[in-house]
file model.pdb (PDB, C-alpha atoms)
ATOM      1  CA  MET A 359     -58.260  28.028  32.134
ATOM      2  CA  THR A 360     -59.731  31.457  31.419
ATOM      3  CA  ASP A 361     -63.507  31.669  31.870
ATOM      4  CA  PHE A 362     -64.357  33.800  28.834
ATOM      5  CA  ALA A 363     -68.107  33.556  29.455
ATOM      6  CA  ALA A 364     -67.568  35.198  32.845
ATOM      7  CA  LEU A 365     -65.422  37.885  31.231
ATOM      8  CA  ARG A 366     -68.211  38.572  28.723
ATOM      9  CA  ARG A 367     -70.725  39.016  31.524
ATOM     10  CA  THR A 368     -68.349  41.363  33.336
ATOM     11  CA  MET A 369     -67.799  43.349  30.131
ATOM     12  CA  VAL A 370     -71.517  43.756  29.494
ATOM     13  CA  ASP A 371     -72.457  44.491  33.106
ATOM     14  CA  GLY A 372     -69.463  46.656  34.003
ATOM     15  CA  GLN A 373     -68.665  48.495  30.760
ATOM     16  CA  VAL A 374     -71.753  48.445  28.536
ATOM     17  CA  ARG A 375     -74.885  48.542  30.707
ATOM     18  CA  THR A 376     -73.336  51.239  32.897
ATOM     19  CA  ALA A 377     -72.913  53.432  29.789
ATOM     20  CA  ASP A 378     -76.704  53.563  29.206
ATOM     21  CA  VAL A 379     -76.761  50.836  26.565
ATOM     22  CA  THR A 380     -80.223  49.361  26.992
ATOM     23  CA  ASP A 381     -81.038  47.627  23.672
ATOM     24  CA  PRO A 382     -81.780  44.030  24.771
ATOM     25  CA  ARG A 383     -80.872  42.606  21.354
ATOM     26  CA  LEU A 384     -77.440  44.238  21.474
ATOM     27  CA  LEU A 385     -76.775  43.193  25.061
ATOM     28  CA  ALA A 386     -77.772  39.606  24.284
ATOM     29  CA  ALA A 387     -75.514  39.561  21.215
ATOM     30  CA  MET A 388     -72.520  40.845  23.181
ATOM     31  CA  LEU A 389     -73.107  38.164  25.823
ATOM     32  CA  GLU A 390     -73.329  35.431  23.184
ATOM     33  CA  LEU A 391     -70.539  36.334  20.766
ATOM     34  CA  PRO A 392     -67.081  35.083  21.866
ATOM     35  CA  ARG A 393     -65.095  38.296  21.435
ATOM     36  CA  GLU A 394     -61.828  36.526  22.217
ATOM     37  CA  ARG A 395     -62.147  34.458  19.015
ATOM     38  CA  PHE A 396     -61.661  37.636  16.959
ATOM     39  CA  PHE A 397     -58.244  38.445  18.434
ATOM     40  CA  PRO A 398     -54.791  37.117  17.493
ATOM     41  CA  ASP A 399     -53.503  34.457  19.872
ATOM     42  CA  ASP A 400     -51.104  36.868  21.543
ATOM     43  CA  ARG A 401     -53.908  39.415  22.106
ATOM     44  CA  VAL A 402     -56.641  37.165  23.485
ATOM     45  CA  SER A 403     -55.955  38.237  27.070
ATOM     46  CA  LEU A 404     -56.834  41.826  26.053
ATOM     47  CA  ALA A 405     -60.175  41.039  24.417
ATOM     48  CA  TYR A 406     -62.399  42.167  27.292
ATOM     49  CA  LEU A 407     -60.491  45.204  28.505
ATOM     50  CA  ASP A 408     -62.086  48.637  28.526
ATOM     51  CA  ARG A 409     -59.788  49.962  25.808
ATOM     52  CA  ASP A 410     -59.140  49.900  22.080
ATOM     53  CA  VAL A 411     -56.906  46.932  21.237
ATOM     54  CA  SER A 412     -54.469  46.706  18.346
ATOM     55  CA  VAL A 413     -55.007  43.620  16.160
ATOM     56  CA  SER A 414     -52.324  44.445  13.592
ATOM     57  CA  PRO A 415     -49.355  46.008  15.435
ATOM     58  CA  SER A 416     -47.137  45.830  12.344
ATOM     59  CA  ALA A 417     -49.523  47.878  10.181
ATOM     60  CA  GLN A 418     -49.034  51.621   9.874
ATOM     61  CA  PRO A 419     -51.101  52.981  11.425
ATOM     62  CA  ALA A 420     -51.860  50.059  13.725
ATOM     63  CA  ARG A 421     -55.446  48.858  13.373
ATOM     64  CA  ARG A 422     -57.539  48.630  16.501
ATOM     65  CA  VAL A 423     -60.791  47.055  17.641
ATOM     66  CA  LEU A 424     -63.017  49.639  19.315
ATOM     67  CA  LYS A 425     -63.474  49.208  23.039
ATOM     68  CA  PRO A 426     -66.790  47.563  23.943
ATOM     69  CA  MET A 427     -68.491  50.632  25.393
ATOM     70  CA  VAL A 428     -67.857  52.914  22.407
ATOM     71  CA  LEU A 429     -68.829  50.210  19.920
ATOM     72  CA  ALA A 430     -72.047  49.394  21.766
ATOM     73  CA  LYS A 431     -73.090  53.033  22.098
ATOM     74  CA  LEU A 432     -72.396  53.713  18.408
ATOM     75  CA  ILE A 433     -74.452  50.707  17.347
ATOM     76  CA  GLN A 434     -77.315  51.628  19.662
ATOM     77  CA  ALA A 435     -77.297  55.196  18.306
ATOM     78  CA  ALA A 436     -77.690  53.811  14.759
ATOM     79  CA  ASP A 437     -81.119  52.399  15.702
ATOM     80  CA  ILE A 438     -80.708  49.262  13.568
ATOM     81  CA  SER A 439     -83.801  47.233  12.643
ATOM     82  CA  ALA A 440     -84.007  43.554  11.701
ATOM     83  CA  THR A 441     -84.448  44.374   8.003
ATOM     84  CA  ASP A 442     -81.629  46.923   7.681
ATOM     85  CA  HIS A 443     -78.726  46.553   5.242
ATOM     86  CA  VAL A 444     -75.548  47.704   7.033
ATOM     87  CA  LEU A 445     -72.019  48.638   5.925
ATOM     88  CA  ASP A 446     -69.330  48.106   8.576
ATOM     89  CA  VAL A 447     -66.344  50.249   7.545
ATOM     90  CA  GLY A 448     -63.009  49.085   8.956
ATOM     91  CA  CYS A 449     -64.290  45.757  10.249
ATOM     92  CA  ALA A 450     -60.738  44.529  11.052
ATOM     93  CA  THR A 451     -60.991  40.895  12.262
ATOM     94  CA  GLY A 452     -64.794  40.880  12.023
ATOM     95  CA  TYR A 453     -66.083  41.165  15.602
ATOM     96  CA  SER A 454     -68.191  44.232  14.856
ATOM     97  CA  THR A 455     -69.547  42.706  11.647
ATOM     98  CA  ALA A 456     -70.583  39.516  13.435
ATOM     99  CA  LEU A 457     -72.181  41.582  16.199
ATOM    100  CA  LEU A 458     -74.161  43.622  13.681
ATOM    101  CA  THR A 459     -75.591  40.461  12.094
ATOM    102  CA  HIS A 460     -77.480  39.834  15.337
ATOM    103  CA  LEU A 461     -79.369  43.098  14.772
ATOM    104  CA  ALA A 462     -79.604  43.642  10.999
ATOM    105  CA  GLY A 463     -80.891  41.724   7.991
ATOM    106  CA  SER A 464     -77.566  41.808   6.136
ATOM    107  CA  VAL A 465     -74.100  43.243   6.787
ATOM    108  CA  ILE A 466     -71.160  44.096   4.537
ATOM    109  CA  GLY A 467     -67.832  44.230   6.375
ATOM    110  CA  LEU A 468     -65.344  46.453   4.530
ATOM    111  CA  GLU A 469     -61.620  46.044   5.208
ATOM    112  CA  GLU A 470     -58.633  47.288   3.197
ATOM    113  CA  ASP A 471     -55.948  45.291   5.031
ATOM    114  CA  ALA A 472     -55.879  41.948   3.173
ATOM    115  CA  ALA A 473     -54.659  39.934   6.178
ATOM    116  CA  LEU A 474     -57.400  41.328   8.412
ATOM    117  CA  ALA A 475     -60.011  40.724   5.706
ATOM    118  CA  ARG A 476     -58.976  37.059   5.534
ATOM    119  CA  GLN A 477     -59.290  36.748   9.306
ATOM    120  CA  ALA A 478     -62.723  38.362   9.198
ATOM    121  CA  THR A 479     -63.894  36.025   6.417
ATOM    122  CA  GLU A 480     -62.727  32.988   8.401
ATOM    123  CA  ALA A 481     -64.441  34.347  11.508
ATOM    124  CA  MET A 482     -67.766  34.719   9.713
ATOM    125  CA  SER A 483     -67.484  31.082   8.665
ATOM    126  CA  TRP A 484     -66.856  29.544  12.076
ATOM    127  CA  ALA A 485     -69.272  31.959  13.753
ATOM    128  CA  GLY A 486     -72.012  30.819  11.390
ATOM    129  CA  ARG A 487     -73.036  34.315  10.288
ATOM    130  CA  PRO A 488     -74.348  33.845   6.718
ATOM    131  CA  ALA A 489     -75.896  37.329   6.749
ATOM    132  CA  ALA A 490     -72.379  38.830   6.583
ATOM    133  CA  LYS A 491     -70.057  39.332   3.625
ATOM    134  CA  ILE A 492     -66.486  40.635   3.859
ATOM    135  CA  VAL A 493     -65.282  42.902   1.043
ATOM    136  CA  THR A 494     -61.698  44.113   0.564
ATOM    137  CA  GLY A 495     -61.173  47.685  -0.601
ATOM    138  CA  PRO A 496     -60.207  51.238   0.440
ATOM    139  CA  LEU A 497     -62.179  52.243   3.512
ATOM    140  CA  SER A 498     -62.545  55.863   2.452
ATOM    141  CA  ARG A 499     -64.455  54.878  -0.703
ATOM    142  CA  GLY A 500     -67.043  52.747   1.044
ATOM    143  CA  CYS A 501     -68.633  49.942  -0.941
ATOM    144  CA  ALA A 502     -71.155  51.415  -3.353
ATOM    145  CA  GLY A 503     -71.487  48.160  -5.283
ATOM    146  CA  GLU A 504     -73.207  46.465  -2.332
ATOM    147  CA  GLY A 505     -75.329  49.496  -1.389
ATOM    148  CA  PRO A 506     -77.260  51.561  -0.793
ATOM    149  CA  TYR A 507     -77.365  51.097   2.978
ATOM    150  CA  ASP A 508     -79.775  51.774   5.794
ATOM    151  CA  VAL A 509     -76.841  52.155   8.189
ATOM    152  CA  ILE A 510     -73.095  52.764   7.860
ATOM    153  CA  VAL A 511     -70.868  52.255  10.918
ATOM    154  CA  LEU A 512     -67.256  53.488  11.040
ATOM    155  CA  GLU A 513     -65.103  51.304  13.285
ATOM    156  CA  GLY A 514     -62.717  54.106  14.207
ATOM    157  CA  ALA A 515     -62.393  57.861  14.098
ATOM    158  CA  ALA A 516     -62.772  60.152  11.126
ATOM    159  CA  GLU A 517     -60.811  63.372  11.519
ATOM    160  CA  VAL A 518     -62.852  64.857   8.668
ATOM    161  CA  VAL A 519     -66.554  64.434   7.918
ATOM    162  CA  PRO A 520     -66.856  61.247   5.786
ATOM    163  CA  ALA A 521     -68.901  62.993   3.105
ATOM    164  CA  VAL A 522     -68.176  60.472   0.316
ATOM    165  CA  LEU A 523     -70.045  57.786   2.272
ATOM    166  CA  PHE A 524     -73.235  59.821   2.577
ATOM    167  CA  ASP A 525     -74.100  59.118  -1.060
ATOM    168  CA  GLN A 526     -74.199  55.396  -0.207
ATOM    169  CA  LEU A 527     -77.040  55.874   2.298
ATOM    170  CA  LYS A 528     -80.672  55.291   1.471
ATOM    171  CA  SER A 529     -83.164  58.049   2.245
ATOM    172  CA  GLY A 530     -83.669  57.769   5.980
ATOM    173  CA  GLY A 531     -80.272  56.090   6.315
ATOM    174  CA  ARG A 532     -77.916  56.733   9.232
ATOM    175  CA  LEU A 533     -74.142  56.957   9.480
ATOM    176  CA  VAL A 534     -72.472  56.715  12.885
ATOM    177  CA  CYS A 535     -68.840  57.484  13.619
ATOM    178  CA  VAL A 536     -66.419  59.105  16.022
ATOM    179  CA  LEU A 537     -65.546  62.496  14.558
ATOM    180  CA  GLY A 538     -62.398  64.305  15.621
ATOM    181  CA  ARG A 539     -58.983  63.565  17.024
ATOM    182  CA  GLY A 540     -58.122  62.290  20.496
ATOM    183  CA  ALA A 541     -59.961  63.649  23.514
ATOM    184  CA  GLU A 542     -61.836  66.135  21.329
ATOM    185  CA  GLY A 543     -63.759  63.356  19.565
ATOM    186  CA  LYS A 544     -67.547  63.215  19.430
ATOM    187  CA  ALA A 545     -69.727  60.277  18.461
ATOM    188  CA  MET A 546     -71.977  61.522  15.667
ATOM    189  CA  VAL A 547     -75.183  60.325  14.036
ATOM    190  CA  TYR A 548     -75.803  61.617  10.500
ATOM    191  CA  ARG A 549     -79.177  61.057   8.829
ATOM    192  CA  ARG A 550     -80.030  61.399   5.159
ATOM    193  CA  ALA A 551     -83.602  62.411   4.307
ATOM    194  CA  ASN A 552     -84.975  63.658   0.978
ATOM    195  CA  GLY A 553     -81.505  64.565  -0.232
ATOM    196  CA  ASP A 554     -80.686  66.573   2.884
ATOM    197  CA  LEU A 555     -78.232  65.570   5.595
ATOM    198  CA  SER A 556     -78.337  66.389   9.290
ATOM    199  CA  GLY A 557     -75.903  65.465  12.030
ATOM    200  CA  ARG A 558     -75.908  65.518  15.812
ATOM    201  CA  SER A 559     -73.454  64.672  18.566
ATOM    202  CA  VAL A 560     -74.590  61.864  20.870
ATOM    203  CA  PHE A 561     -71.672  61.374  23.286
ATOM    204  CA  ASP A 562     -67.998  62.170  23.828
ATOM    205  CA  ALA A 563     -65.674  59.485  22.466
ATOM    206  CA  SER A 564     -62.148  58.885  21.238
ATOM    207  CA  ALA A 565     -60.816  56.309  18.805
ATOM    208  CA  ALA A 566     -57.857  55.722  16.520
ATOM    209  CA  ALA A 567     -58.282  57.289  13.073
ATOM    210  CA  LEU A 568     -59.176  54.915  10.259
ATOM    211  CA  PRO A 569     -56.939  54.860   7.160
ATOM    212  CA  GLY A 570     -58.197  57.359   4.608
ATOM    213  CA  PHE A 571     -60.082  59.458   7.141
ATOM    214  CA  ALA A 572     -57.194  61.491   8.557
ATOM    215  CA  LYS A 573     -57.232  65.263   8.325
ATOM    216  CA  PRO A 574     -54.972  66.511   5.512
ATOM    217  CA  ALA A 575     -51.724  68.076   6.656
ATOM    218  CA  GLU A 576     -51.773  71.846   6.780
ATOM    219  CA  PHE A 577     -48.935  73.785   5.153
ATOM    220  CA  VAL A 578     -47.301  76.503   7.199
ATOM    221  CA  PHE A 579     -45.514  79.310   5.356
TER
END
call {"tool": "encode", "arguments": {"input": "model.pdb", "output": "structure tokens"}}
result
Amino acid sequence: MTDFAALRRTMVDGQVRTADVTDPRLLAAMLELPRERFFPDDRVSLAYLDRDVSVSPSAQPARRVLKPMVLAKLIQAADISATDHVLDVGCATGYSTALLTHLAGSVIGLEEDAALARQATEAMSWAGRPAAKIVTGPLSRGCAGEGPYDVIVLEGAAEVVPAVLFDQLKSGGRLVCVLGRGAEGKAMVYRRANGDLSGRSVFDASAAALPGFAKPAEFVF
């Protein structure tokens, strides 16, 4: 029988702590939350690998759960407090949303794939995370009806700056995402203050592009 608790410890000690993730609340949450429960039965063996893992291979494009290190560093960069209201864009099967509930006051998980949204809703139920709500809708539009937010987290890459989501941030709010395609990606923190927006790169990262955030095709004449 697989010792998933041991795999969680190895993930945190070998992938997350070594990447300068030091927030004790986040580390404790990653040790507690059974990541394998958020994966399809045929993907459970991949839950603790240091890689993005597809959870909907039949979807186009395939939807992936961010690898633990990138997810942890993005969340830490968002500087989430216990009273924050958070939007988790592209929550897939709900692991990231459940993780965020250990840090924030309330979390909205946004997912446009109906099958994934159902899985995430079921996961919030058995995980006992009443501070989370799963909403189904286009990722690129965000979820203004549940906002505004202190923090918005994109669970994948945006090949273009996700400007439409900035209007859903409170003053002082932060948006974190991987910006760019492939090896050229950068993890970014954007902050809204007094109507102005600033952004900075915090580490190199790559992730699969989220639906609705791909760079428009360029015409060649």
call {"tool": "residues_near_point", "arguments": {"input": "model.pdb", "point": "(-62.8, 30.9, 31.0)", "cutoff": "12 Å", "atoms": "all atoms listed in the file", "output": "MDAnalysis selection string"}}
result
chainID A and resid 359:367 392 394 402:403 406
call {"tool": "resolve_selection", "arguments": {"input": "model.pdb", "expression": "the PyMOL selection byres ((chain A and resi 411) around 6)", "output": "list of chain:residue names"}}
result
A:Asp410, A:Ser412, A:Arg422, A:Val423
call {"tool": "closest_residue", "arguments": {"input": "model.pdb", "among": "A:Glu469, A:Asp446, A:Glu513, A:Asp381", "to": "A:Ala567", "atoms": "only C-alpha atoms"}}
result
A:Glu513
call {"tool": "resolve_selection", "arguments": {"input": "model.pdb", "expression": "the PyMOL selection byres ((chain A and resi 543-550) around 10)", "output": "PDB file with C-alpha atoms, keeping the file's coordinate frame"}}
result
ATOM      1  CA  VAL A 428     -67.857  52.914  22.407  1.00  0.00           C
ATOM      2  CA  LYS A 431     -73.090  53.033  22.098  1.00  0.00           C
ATOM      3  CA  LEU A 432     -72.396  53.713  18.408  1.00  0.00           C
ATOM      4  CA  ALA A 435     -77.297  55.196  18.306  1.00  0.00           C
ATOM      5  CA  ALA A 436     -77.690  53.811  14.759  1.00  0.00           C
ATOM      6  CA  ASP A 508     -79.775  51.774   5.794  1.00  0.00           C
ATOM      7  CA  VAL A 509     -76.841  52.155   8.189  1.00  0.00           C
ATOM      8  CA  ILE A 510     -73.095  52.764   7.860  1.00  0.00           C
ATOM      9  CA  VAL A 511     -70.868  52.255  10.918  1.00  0.00           C
ATOM     10  CA  ALA A 515     -62.393  57.861  14.098  1.00  0.00           C
ATOM     11  CA  ALA A 516     -62.772  60.152  11.126  1.00  0.00           C
ATOM     12  CA  GLU A 517     -60.811  63.372  11.519  1.00  0.00           C
ATOM     13  CA  VAL A 519     -66.554  64.434   7.918  1.00  0.00           C
ATOM     14  CA  PHE A 524     -73.235  59.821   2.577  1.00  0.00           C
ATOM     15  CA  ASP A 525     -74.100  59.118  -1.060  1.00  0.00           C
ATOM     16  CA  GLN A 526     -74.199  55.396  -0.207  1.00  0.00           C
ATOM     17  CA  LEU A 527     -77.040  55.874   2.298  1.00  0.00           C
ATOM     18  CA  LYS A 528     -80.672  55.291   1.471  1.00  0.00           C
ATOM     19  CA  SER A 529     -83.164  58.049   2.245  1.00  0.00           C
ATOM     20  CA  GLY A 530     -83.669  57.769   5.980  1.00  0.00           C
ATOM     21  CA  GLY A 531     -80.272  56.090   6.315  1.00  0.00           C
ATOM     22  CA  ARG A 532     -77.916  56.733   9.232  1.00  0.00           C
ATOM     23  CA  LEU A 533     -74.142  56.957   9.480  1.00  0.00           C
ATOM     24  CA  VAL A 534     -72.472  56.715  12.885  1.00  0.00           C
ATOM     25  CA  CYS A 535     -68.840  57.484  13.619  1.00  0.00           C
ATOM     26  CA  VAL A 536     -66.419  59.105  16.022  1.00  0.00           C
ATOM     27  CA  LEU A 537     -65.546  62.496  14.558  1.00  0.00           C
ATOM     28  CA  GLY A 538     -62.398  64.305  15.621  1.00  0.00           C
ATOM     29  CA  ARG A 539     -58.983  63.565  17.024  1.00  0.00           C
ATOM     30  CA  GLY A 540     -58.122  62.290  20.496  1.00  0.00           C
ATOM     31  CA  ALA A 541     -59.961  63.649  23.514  1.00  0.00           C
ATOM     32  CA  GLU A 542     -61.836  66.135  21.329  1.00  0.00           C
ATOM     33  CA  ALA A 551     -83.602  62.411   4.307  1.00  0.00           C
ATOM     34  CA  ASN A 552     -84.975  63.658   0.978  1.00  0.00           C
ATOM     35  CA  GLY A 553     -81.505  64.565  -0.232  1.00  0.00           C
ATOM     36  CA  ASP A 554     -80.686  66.573   2.884  1.00  0.00           C
ATOM     37  CA  LEU A 555     -78.232  65.570   5.595  1.00  0.00           C
ATOM     38  CA  SER A 556     -78.337  66.389   9.290  1.00  0.00           C
ATOM     39  CA  GLY A 557     -75.903  65.465  12.030  1.00  0.00           C
ATOM     40  CA  ARG A 558     -75.908  65.518  15.812  1.00  0.00           C
ATOM     41  CA  SER A 559     -73.454  64.672  18.566  1.00  0.00           C
ATOM     42  CA  VAL A 560     -74.590  61.864  20.870  1.00  0.00           C
ATOM     43  CA  PHE A 561     -71.672  61.374  23.286  1.00  0.00           C
ATOM     44  CA  ASP A 562     -67.998  62.170  23.828  1.00  0.00           C
ATOM     45  CA  ALA A 563     -65.674  59.485  22.466  1.00  0.00           C
ATOM     46  CA  SER A 564     -62.148  58.885  21.238  1.00  0.00           C
ATOM     47  CA  ALA A 565     -60.816  56.309  18.805  1.00  0.00           C
TER      48      ALA A 565
END
call {"tool": "axis_aligned_box", "arguments": {"input": "model.pdb", "around": "stretch 535-539 of chain A", "padding_each_side": "4 Å", "output": "JSON"}}
result
{"center_x": -63.9, "center_y": 60.9, "center_z": 15.3, "size_x": 17.9, "size_y": 14.8, "size_z": 11.4}
call {"tool": "residues_around", "arguments": {"input": "model.pdb", "residues": "A:Thr376", "least_positions_apart": "3", "cutoff": "12 Å", "atoms": "only C-alpha atoms", "output": "short mmCIF file (atom, residue, chain, number, x, y, z; two decimals) with C-alpha atoms, in the frame of the given file"}}
result
data_model
loop_
_atom_site.label_atom_id
_atom_site.label_comp_id
_atom_site.auth_asym_id
_atom_site.auth_seq_id
_atom_site.Cartn_x
_atom_site.Cartn_y
_atom_site.Cartn_z
CA THR A 368 -68.35 41.36 33.34
CA MET A 369 -67.80 43.35 30.13
CA VAL A 370 -71.52 43.76 29.49
CA ASP A 371 -72.46 44.49 33.11
CA GLY A 372 -69.46 46.66 34.00
CA GLN A 373 -68.67 48.50 30.76
CA VAL A 379 -76.76 50.84 26.56
CA THR A 380 -80.22 49.36 26.99
CA LEU A 385 -76.78 43.19 25.06
CA PRO A 426 -66.79 47.56 23.94
CA MET A 427 -68.49 50.63 25.39
CA VAL A 428 -67.86 52.91 22.41
CA ALA A 430 -72.05 49.39 21.77
CA LYS A 431 -73.09 53.03 22.10
#
call {"tool": "decode", "arguments": {"input": "model.pdb", "residues": "stretch 380-435 of chain A", "atoms": "C-alpha atoms", "output": "compact mmCIF listing (two decimals), in the first residue's frame"}}
result
# COMPACT_ATOMS: atom_id res chain seq x y z
CA THR A 380 9.22 29.35 4.20
CA ASP A 381 5.62 30.28 5.13
CA PRO A 382 4.85 27.85 8.01
CA ARG A 383 1.10 28.01 7.37
CA LEU A 384 1.57 26.98 3.74
CA LEU A 385 4.02 24.20 4.57
CA ALA A 386 1.69 22.83 7.24
CA ALA A 387 -1.26 22.91 4.82
CA MET A 388 0.67 21.04 2.13
CA LEU A 389 1.66 18.39 4.68
CA GLU A 390 -1.94 18.00 5.86
CA LEU A 391 -3.92 18.08 2.61
CA PRO A 392 -4.07 14.69 0.81
CA ARG A 393 -3.09 15.81 -2.69
CA GLU A 394 -3.74 12.35 -4.11
CA ARG A 395 -7.47 12.71 -3.35
CA PHE A 396 -7.70 15.46 -5.98
CA PHE A 397 -6.48 13.26 -8.85
CA PRO A 398 -8.41 10.80 -11.03
CA ASP A 399 -7.88 7.18 -10.04
CA ASP A 400 -5.56 6.53 -12.96
CA ARG A 401 -3.43 9.58 -12.06
CA VAL A 402 -3.02 9.09 -8.32
CA SER A 403 0.49 7.68 -8.72
CA LEU A 404 1.54 11.02 -10.28
CA ALA A 405 0.19 13.26 -7.52
CA TYR A 406 3.51 13.95 -5.79
CA LEU A 407 5.82 14.22 -8.78
CA ASP A 408 7.77 17.39 -9.46
CA ARG A 409 5.81 18.18 -12.62
CA ASP A 410 2.50 19.52 -13.89
CA VAL A 411 0.00 16.66 -14.15
CA SER A 412 -2.91 16.44 -16.57
CA VAL A 413 -6.25 15.79 -14.85
CA SER A 414 -8.39 15.95 -17.99
CA PRO A 415 -6.42 14.34 -20.85
CA SER A 416 -9.45 14.37 -23.16
CA ALA A 417 -9.95 18.14 -22.89
CA GLN A 418 -8.40 20.43 -25.48
CA PRO A 419 -6.12 21.81 -24.28
CA ALA A 420 -5.52 19.27 -21.53
CA ARG A 421 -5.95 20.78 -18.07
CA ARG A 422 -3.11 20.39 -15.62
CA VAL A 423 -2.50 20.75 -11.90
CA LEU A 424 0.52 22.96 -11.25
CA LYS A 425 3.55 21.19 -9.85
CA PRO A 426 3.94 21.65 -6.09
CA MET A 427 6.94 23.97 -6.18
CA VAL A 428 5.45 26.50 -8.61
CA LEU A 429 2.10 26.49 -6.83
CA ALA A 430 3.69 27.00 -3.42
CA LYS A 431 5.94 29.83 -4.59
CA LEU A 432 3.03 31.61 -6.31
CA ILE A 433 0.89 31.37 -3.19
CA GLN A 434 3.71 32.57 -0.95
CA ALA A 435 4.34 35.53 -3.28
